[in-house]
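A.B. asks: Contents of start_11.txt (compact mmCIF, C-alpha atoms):
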```
# COMPACT_ATOMS: atom_id res chain seq x y z
CA GLN G 1 0.00 0.00 0.00
CA GLN G 2 2.86 2.35 0.80
CA GLN G 3 4.40 1.66 -2.61
CA GLN G 4 1.09 2.47 -4.30
CA GLN G 5 0.81 5.71 -2.35
CA GLN G 6 4.38 6.66 -3.31
CA GLN G 7 3.68 5.90 -6.98
CA GLN G 8 0.55 8.04 -6.87
CA GLN G 9 2.45 10.92 -5.27
CA GLN G 10 5.17 10.66 -7.92
CA GLN G 11 2.57 10.71 -10.70
CA GLN G 12 0.93 13.79 -9.19
CA GLN G 13 4.31 15.55 -8.95
CA GLN G 14 5.05 14.70 -12.59
CA ARG G 15 1.69 16.14 -13.65
CA ARG G 16 2.42 19.34 -11.75
CA GLN G 17 5.87 19.66 -13.31
CA ALA G 18 4.66 19.05 -16.89
CA PRO G 19 4.78 22.25 -18.97
CA PRO G 20 1.32 23.67 -19.69
CA MET G 21 0.01 23.17 -23.21
CA GLU G 22 -0.28 26.34 -25.21
CA SER G 23 -3.78 27.19 -26.32
CA PRO G 24 -4.62 29.70 -29.03
CA ARG G 25 -5.10 33.17 -27.62
CA ILE G 26 -8.40 34.93 -28.13
CA PRO G 27 -8.31 38.71 -28.48
CA ALA G 28 -9.65 40.47 -25.41
CA ALA G 29 -12.36 42.30 -27.38
CA SER G 30 -14.05 39.09 -28.54
CA ALA G 31 -13.48 37.10 -25.35
CA ALA G 32 -16.56 36.42 -23.30
CA PRO G 33 -16.49 37.86 -19.79
CA THR G 34 -15.67 35.23 -17.18
CA GLU G 35 -17.59 34.85 -13.99
CA PHE G 36 -14.66 33.47 -12.00
CA ASN G 37 -11.09 34.71 -11.63
CA VAL G 38 -9.44 31.41 -12.51
CA PRO G 39 -6.15 31.17 -14.40
CA GLU G 40 -6.53 29.79 -17.92
CA ASP G 41 -4.21 26.85 -17.41
CA ALA G 42 -5.85 25.72 -14.14
CA PRO G 43 -7.46 22.29 -14.47
CA VAL G 44 -11.26 22.27 -14.28
CA ASP G 45 -12.80 19.37 -12.41
CA LEU G 46 -16.04 18.40 -14.10
CA ILE G 47 -18.76 16.42 -12.39
CA ALA G 48 -20.79 14.04 -14.58
CA CYS G 49 -24.52 14.06 -13.95
CA GLN G 50 -25.94 10.55 -13.72
CA ASP G 51 -29.40 11.70 -14.85
CA CYS G 52 -28.68 13.64 -18.04
CA GLY G 53 -25.16 12.37 -18.84
CA LYS G 54 -23.63 15.83 -19.19
CA SER G 55 -20.59 17.14 -17.30
CA PHE G 56 -20.66 20.40 -15.38
CA ALA G 57 -18.32 22.51 -13.28
CA PRO G 58 -19.15 22.15 -9.55
CA PRO G 59 -21.11 25.41 -9.12
CA THR G 60 -23.10 24.77 -12.29
CA TYR G 61 -23.70 21.13 -11.32
CA ASN G 62 -25.20 22.22 -8.00
CA LYS G 63 -27.29 24.87 -9.73
CA ILE G 64 -28.67 22.63 -12.50
CA CYS G 65 -28.47 18.96 -11.52
CA LYS G 66 -29.32 19.22 -7.84
CA THR G 67 -32.35 21.52 -8.01
CA MET G 68 -35.93 20.91 -9.11
CA ASN G 69 -38.04 23.08 -11.37
CA ASN G 70 -41.60 24.15 -10.53
CA LYS G 71 -43.00 20.85 -11.92
CA GLY G 72 -40.86 18.75 -9.57
CA GLU G 73 -38.42 17.57 -12.26
CA LEU G 74 -34.67 17.92 -12.13
CA LYS G 75 -33.67 21.02 -14.07
CA CYS G 76 -31.03 19.20 -16.11
CA ILE G 77 -33.54 16.67 -17.46
CA ALA G 78 -36.29 19.21 -18.08
CA MET G 79 -33.85 21.54 -19.87
CA TYR G 80 -32.86 18.93 -22.48
CA VAL G 81 -36.27 17.29 -22.92
CA LYS G 82 -38.36 20.43 -23.40
CA LYS G 83 -39.00 21.38 -27.01
CA ARG G 84 -39.03 25.01 -27.94
CA LYS G 85 -42.15 26.53 -29.40
CA VAL G 86 -41.76 27.68 -33.00
CA PHE G 87 -41.50 31.44 -33.15
CA ASN G 88 -44.12 33.02 -35.40
CA SER G 89 -42.72 36.37 -36.49
CA ALA G 90 -45.78 37.19 -38.63
CA LYS G 91 -48.04 36.82 -35.60
CA VAL G 92 -45.86 39.17 -33.54
CA ARG G 93 -45.70 41.66 -36.39
CA ILE G 94 -49.49 41.60 -36.86
CA GLN G 95 -50.22 41.87 -33.13
CA GLY G 96 -47.82 44.78 -32.85
CA ASN G 97 -49.64 46.70 -35.59
CA GLU G 98 -51.51 49.54 -33.90
CA HIS G 99 -53.59 50.27 -37.02
CA LEU G 100 -55.51 46.97 -36.73
CA ASP G 101 -58.14 46.19 -34.12
CA LYS G 102 -58.36 42.75 -32.43
CA ASP G 103 -60.73 41.24 -35.00
CA ALA G 104 -58.64 42.43 -37.93
CA GLN G 105 -55.53 41.00 -36.27
CA LYS G 106 -57.19 37.59 -35.85
CA LEU G 107 -58.28 37.60 -39.50
CA ALA G 108 -54.78 38.58 -40.66
CA ILE G 109 -53.19 35.80 -38.57
CA LYS G 110 -55.67 33.26 -39.96
CA ALA G 111 -55.03 34.41 -43.54
CA ARG G 112 -51.27 34.19 -42.96
CA LYS G 113 -51.60 30.59 -41.74
CA GLU G 114 -53.55 29.68 -44.88
CA VAL G 115 -50.91 31.27 -47.12
CA VAL G 116 -48.12 29.38 -45.36
CA ALA G 117 -50.08 26.12 -45.59
CA GLU G 118 -50.59 26.62 -49.33
CA LYS G 119 -46.89 27.30 -49.86
CA LYS G 120 -45.94 24.16 -47.94
CA GLY G 121 -48.46 22.14 -49.92
CA LEU G 122 -50.66 21.46 -46.93
CA LYS G 123 -54.38 21.91 -47.10
CA PRO G 124 -55.85 23.94 -44.26
CA LYS G 125 -58.42 22.16 -42.15
CA THR G 126 -61.86 23.24 -43.22
CA LYS G 127 -65.12 22.33 -41.57
CA LYS G 128 -67.11 22.97 -44.75
CA LYS G 129 -65.84 19.81 -46.45
CA SER G 130 -66.65 17.57 -43.49
CA ASP G 131 -70.10 19.16 -43.14
CA LYS G 132 -70.73 18.76 -46.87
CA TRP G 133 -69.67 15.11 -46.76
CA LYS G 134 -71.90 14.46 -43.75
CA ALA G 135 -74.90 16.04 -45.47
CA GLU G 136 -74.34 14.00 -48.63
CA SER G 137 -73.97 10.83 -46.59
CA ASN G 138 -77.20 11.49 -44.68
CA ASN G 139 -79.07 12.26 -47.93
CA PHE G 140 -77.81 8.99 -49.43
CA ARG G 141 -78.92 6.99 -46.39
CA GLN G 142 -82.35 8.61 -46.45
CA ALA G 143 -82.69 7.83 -50.16
CA MET G 144 -81.80 4.17 -49.47
CA ARG G 145 -84.44 3.98 -46.71
CA ASP G 146 -87.07 5.58 -48.95
CA ASN G 147 -86.20 3.20 -51.75
CA ARG G 148 -86.65 0.17 -49.46
CA LEU G 149 -90.01 1.47 -48.26
CA MET G 150 -91.16 2.11 -51.84
CA GLU G 151 -90.20 -1.47 -52.82
CA LYS G 152 -92.14 -2.79 -49.81
CA ALA G 153 -95.21 -0.74 -50.81
CA LYS G 154 -94.89 -1.96 -54.42
CA LYS G 155 -94.83 -5.64 -53.30
CA GLU G 156 -97.93 -5.12 -51.14
CA GLY G 157 -99.73 -3.33 -53.98
CA LYS G 158 -100.07 -0.05 -52.10
CA PRO G 159 -99.25 3.42 -53.47
CA LEU G 160 -95.49 4.11 -53.58
CA THR G 161 -95.73 6.99 -51.05
CA TYR G 162 -97.71 4.87 -48.53
CA TYR G 163 -94.78 4.37 -46.05
CA LEU G 164 -92.95 7.63 -46.82
CA ASP G 165 -94.41 9.99 -44.24
```
Kindly present the structure from the file in structure tokens form.
C.D. replies:
Amino acid sequence: QQQQQQQQQQQQQQRRQAPPMESPRIPAASAAPTEFNVPEDAPVDLIACQDCGKSFAPPTYNKICKTMNNKGELKCIAMYVKKRKVFNSAKVRIQGNEHLDKDAQKLAIKARKEVVAEKKGLKPKTKKKSDKWKAESNNFRQAMRDNRLMEKAKKEGKPLTYYLD
């Protein structure tokens, strides 16, 4: 055990004595401001999160992986699972137009969605087609019922409109 400890100490001393690797210098104007006053060549110990699989510096790890969000989920998991909502710039532009009232804004947004759907080759959902289909289907069923009743009246020798009221 003593030999292992001595070997470990020697390895640590060798690491400390190794010359630092030169990294490309970034001009001060484009460098991002740092939150900590840590020398550039100081080693950063990263902690791997067992939940999300990412590695963080200790303060960030405590801030993200150890705390819960308002839904009771770990922040690190919620941050990478959550999908961003698509930003609709036309909607913002229309809503910001002070020359349009609320109803005109809603109509403009609806028209914009239809234009985008046409460009993408998608057909906008319309209730008229489903209502039209339903009406045609009901008319067809009624015609089939009437036809059956007329055949029944014909077999019995009664007038064709006998059962149709």
A.B. asks: Do you know which residues are at most 8 Å from range 56-71 of chain G counting all atoms listed in the file, after dropping those on the same chain fewer than 5 positions away, and could you put them as a PDB file with C-alpha atoms, in the coordinates of the input?
C.D. replies:
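And here is the file that came out, part_32.pdb:
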```
ATOM      1  CA  VAL G  44     -11.260  22.270 -14.280  1.00  0.00           C
ATOM      2  CA  ASP G  45     -12.800  19.370 -12.410  1.00  0.00           C
ATOM      3  CA  LEU G  46     -16.040  18.400 -14.100  1.00  0.00           C
ATOM      4  CA  ILE G  47     -18.760  16.420 -12.390  1.00  0.00           C
ATOM      5  CA  ALA G  48     -20.790  14.040 -14.580  1.00  0.00           C
ATOM      6  CA  CYS G  49     -24.520  14.060 -13.950  1.00  0.00           C
ATOM      7  CA  CYS G  76     -31.030  19.200 -16.110  1.00  0.00           C
ATOM      8  CA  ALA G  78     -36.290  19.210 -18.080  1.00  0.00           C
TER       9      ALA G  78
END
```
A.B. asks: Take CA of Leu160 in chain G and CA of Arg148 in chain G and report the distance between them in Å, one decimal.
C.D. replies: 10.5 Å
A.B. asks: To one decimal place in Å, what is the distance between CA of Lys113 in chain G and CA of Asp101 in chain G?
C.D. replies: 18.6 Å
A.B. asks: One decimal, Å: what's the distance from CA of Glu151 in chain G over to CA of Ser137 in chain G, could you say?
C.D. replies: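 CA of Glu151 in chain G sits 21.3 Å away from CA of Ser137 in chain G.
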A.B. asks: Could you give me the centre and size, in Å to one decimal, of an axis-aligned box around all listed atoms of range 45-63 of chain G with 5 Å added on every side, as AutoDock Vina command-line options?
C.D. replies:
```
--center_x -21.1 --center_y 18.0 --center_z -13.6 --size_x 26.6 --size_y 24.9 --size_z 21.2
```
A.B. asks: Using all atoms listed in the file, can you tell me which of G:Leu100, G:Met79, G:Ile94, G:Cys52 comes closest to Arg112 in chain G?
C.D. replies: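 The answer is G:Ile94, which sits nearest to Arg112 in chain G.
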